[in-house]
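**Student:** Have a look at this one before I ask anything.
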Amino acid sequence: MTPANRLLPLCDTADVPVDEGLQVAVDDFVVAVFKIGDRYCVIDDQCTHGPGLLSEGDVDGEIVECNFHHGAFNIRTGEVAAPPCMVPIRTYHVEVRDGRIYIDTERPAEP
Ligand code: FES
């Protein structure tokens with residue numbers, strides 16, 4: 001499979017709200033899309049700690065706080081930003097083409 005074939009279309013850039021996540025479900029992927037500054041970031045929507053959905057979390061800069069137990073992640077890097085989360089959240093490489101957001105499902109985001 002070539003890298004171009006791995007790109008999965010998610011949504012339009014205009015669909016992504018400011019300071020909130022957008023849940024997008026495509027194929028087997030359920031992800032949360034965020035706009036951080038002028039960059040689009042995509043992470044798994046399912047919190048690594050439990051049933052919380054990060055698309056429903058509170059966003060403060062690069063940090064999203066899960067509204068289930070208030071653990072937090074860095075949206076750009078996927079690193080844990082606050083307990084009780086211990087496992088980083090999966091990030092995806094994002095490409096924007098003609099106003100559409102795509103992810104590479106086999107490649108993490110660049111730091
Ligand atoms: Fe997200 Fe517990 S489910 S912090």
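All residue names refer to the structure tokens as shown: chains lettered A, B, ... in order, residues numbered from 1 in each chain, ligands numbered from 1 in order.
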Neighbours of Asp44 in chain A within 6 Å (only C-alpha atoms; same-chain residues fewer than 6 positions away dropped), as a ChimeraX atom specification?

**Tutor:** /A:31-32,90

**Student:** What residues have any atom no more than 7 Å from ligand 1 when counting only C-alpha atoms and all ligand atoms, and can you list them as a PyMOL selection string?

**Tutor:** chain A and resi 47-52+66-72+84-85

**Student:** Which residues in chain A does DSSP call helix (DSSP H, G or I)? List them as a PyMOL selection string.

**Tutor:** chain A and resi 3-6+13-15+54-56

**Student:** With distances taken over only C-alpha atoms, which of A:Val94, A:Val80, A:Leu8, A:Val18 is nearest to Gly61 in chain A?

**Tutor:**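 Using only C-alpha atoms, Gly61 in chain A sits closest to A:Val18.
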
**Student:** Excluding range 54-60 of chain A and residues on its chain fewer than 4 positions from it, collect all residues at most 6 Å away from it, counting only C-alpha atoms, and give them as a tab-separated table (two decimals) with N, CA, C and O atoms, in the first residue's frame.

**Tutor:**
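The new file part_38.tsv reads:
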chain	number	residue	atom	x	y	z
A	19	ASP	N	-11.53	25.75	19.54
A	19	ASP	CA	-11.52	25.41	20.97
A	19	ASP	C	-12.47	24.28	21.34
A	19	ASP	O	-12.94	24.20	22.48
A	21	GLY	N	-13.39	19.91	20.11
A	21	GLY	CA	-13.09	18.80	19.22
A	21	GLY	C	-14.28	18.43	18.37
A	21	GLY	O	-15.42	18.75	18.70
A	22	LEU	N	-13.98	17.77	17.27
A	22	LEU	CA	-15.03	17.27	16.38
A	22	LEU	C	-14.84	15.77	16.24
A	22	LEU	O	-13.76	15.32	15.83
A	23	GLN	N	-15.85	15.00	16.58
A	23	GLN	CA	-15.73	13.55	16.40
A	23	GLN	C	-16.02	13.19	14.95
A	23	GLN	O	-17.01	13.66	14.36
A	32	ALA	N	-10.85	12.35	17.02
A	32	ALA	CA	-11.23	13.71	17.39
A	32	ALA	C	-10.32	14.66	16.62
A	32	ALA	O	-9.10	14.51	16.64
A	45	ASP	N	-10.35	9.34	19.53
A	45	ASP	CA	-11.36	10.00	20.36
A	45	ASP	C	-11.50	9.32	21.71
A	45	ASP	O	-11.78	9.97	22.71
A	64	VAL	N	-6.22	18.88	25.93
A	64	VAL	CA	-7.63	18.52	26.04
A	64	VAL	C	-7.81	17.73	27.33
A	64	VAL	O	-7.05	16.80	27.62
A	65	GLU	N	-8.80	18.15	28.10
A	65	GLU	CA	-9.10	17.47	29.36
A	65	GLU	C	-10.31	16.58	29.15
A	65	GLU	O	-11.36	17.03	28.72
A	66	CYS	N	-10.12	15.30	29.46
A	66	CYS	CA	-11.21	14.35	29.37
A	66	CYS	C	-12.25	14.70	30.43
A	66	CYS	O	-11.91	14.95	31.59
A	67	ASN	N	-13.49	14.73	30.04
A	67	ASN	CA	-14.50	15.16	31.01
A	67	ASN	C	-15.01	14.01	31.88
A	67	ASN	O	-15.94	14.19	32.65

**Student:** Can you list, as a VMD selection string, every protein, DNA or RNA residue that comes within 6 Å of Ile101 in chain A when you count only C-alpha atoms, leaving out same-chain residues fewer than 6 positions away?

**Tutor:** chain A and resid 10 to 12 95

**Student:** For C-alpha atoms, I'd like the residues from the last selection saved as a PDB file, in the first residue's frame.

**Tutor:**
ATOM      1  CA  LEU A  10     -12.184  12.981   7.508  1.00  0.00           C
ATOM      2  CA  CYS A  11     -13.981  16.286   7.033  1.00  0.00           C
ATOM      3  CA  ASP A  12     -13.689  19.815   5.698  1.00  0.00           C
ATOM      4  CA  GLU A  95      -2.684  16.451   5.468  1.00  0.00           C
TER       5      GLU A  95
END

**Student:** Which of these, A:Gln46, A:Thr13, A:Thr105, A:Thr91, has the shortest distance to Gly78 in chain A once you count only C-alpha atoms?

**Tutor:** A:Thr91

**Student:** Find the distance between CA of Ala82 in chain A and CA of Cys41 in chain A and write it in Å to one decimal.

**Tutor:**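 Computed distance, CA of Ala82 in chain A to CA of Cys41 in chain A, equals 19.1 Å.
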
**Student:** So which residues touch Tyr40 in chain A within 10 Å, counting only C-alpha atoms, skipping near sequence neighbours fewer than 2 positions away, as an MDAnalysis selection string?

**Tutor:** chainID A and resid 13 16 33:38 42 75:76 93:96 101:102

**Student:** Any idea what the distance is between CA of Val87 in chain A and CA of Ile103 in chain A?

**Tutor:** 21.4 Å

**Student:** Quick one, how far is CA of Phe29 in chain A from CA of Ala109 in chain A?

**Tutor:**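 CA of Ala109 in chain A lies 15.6 Å from CA of Phe29 in chain A.
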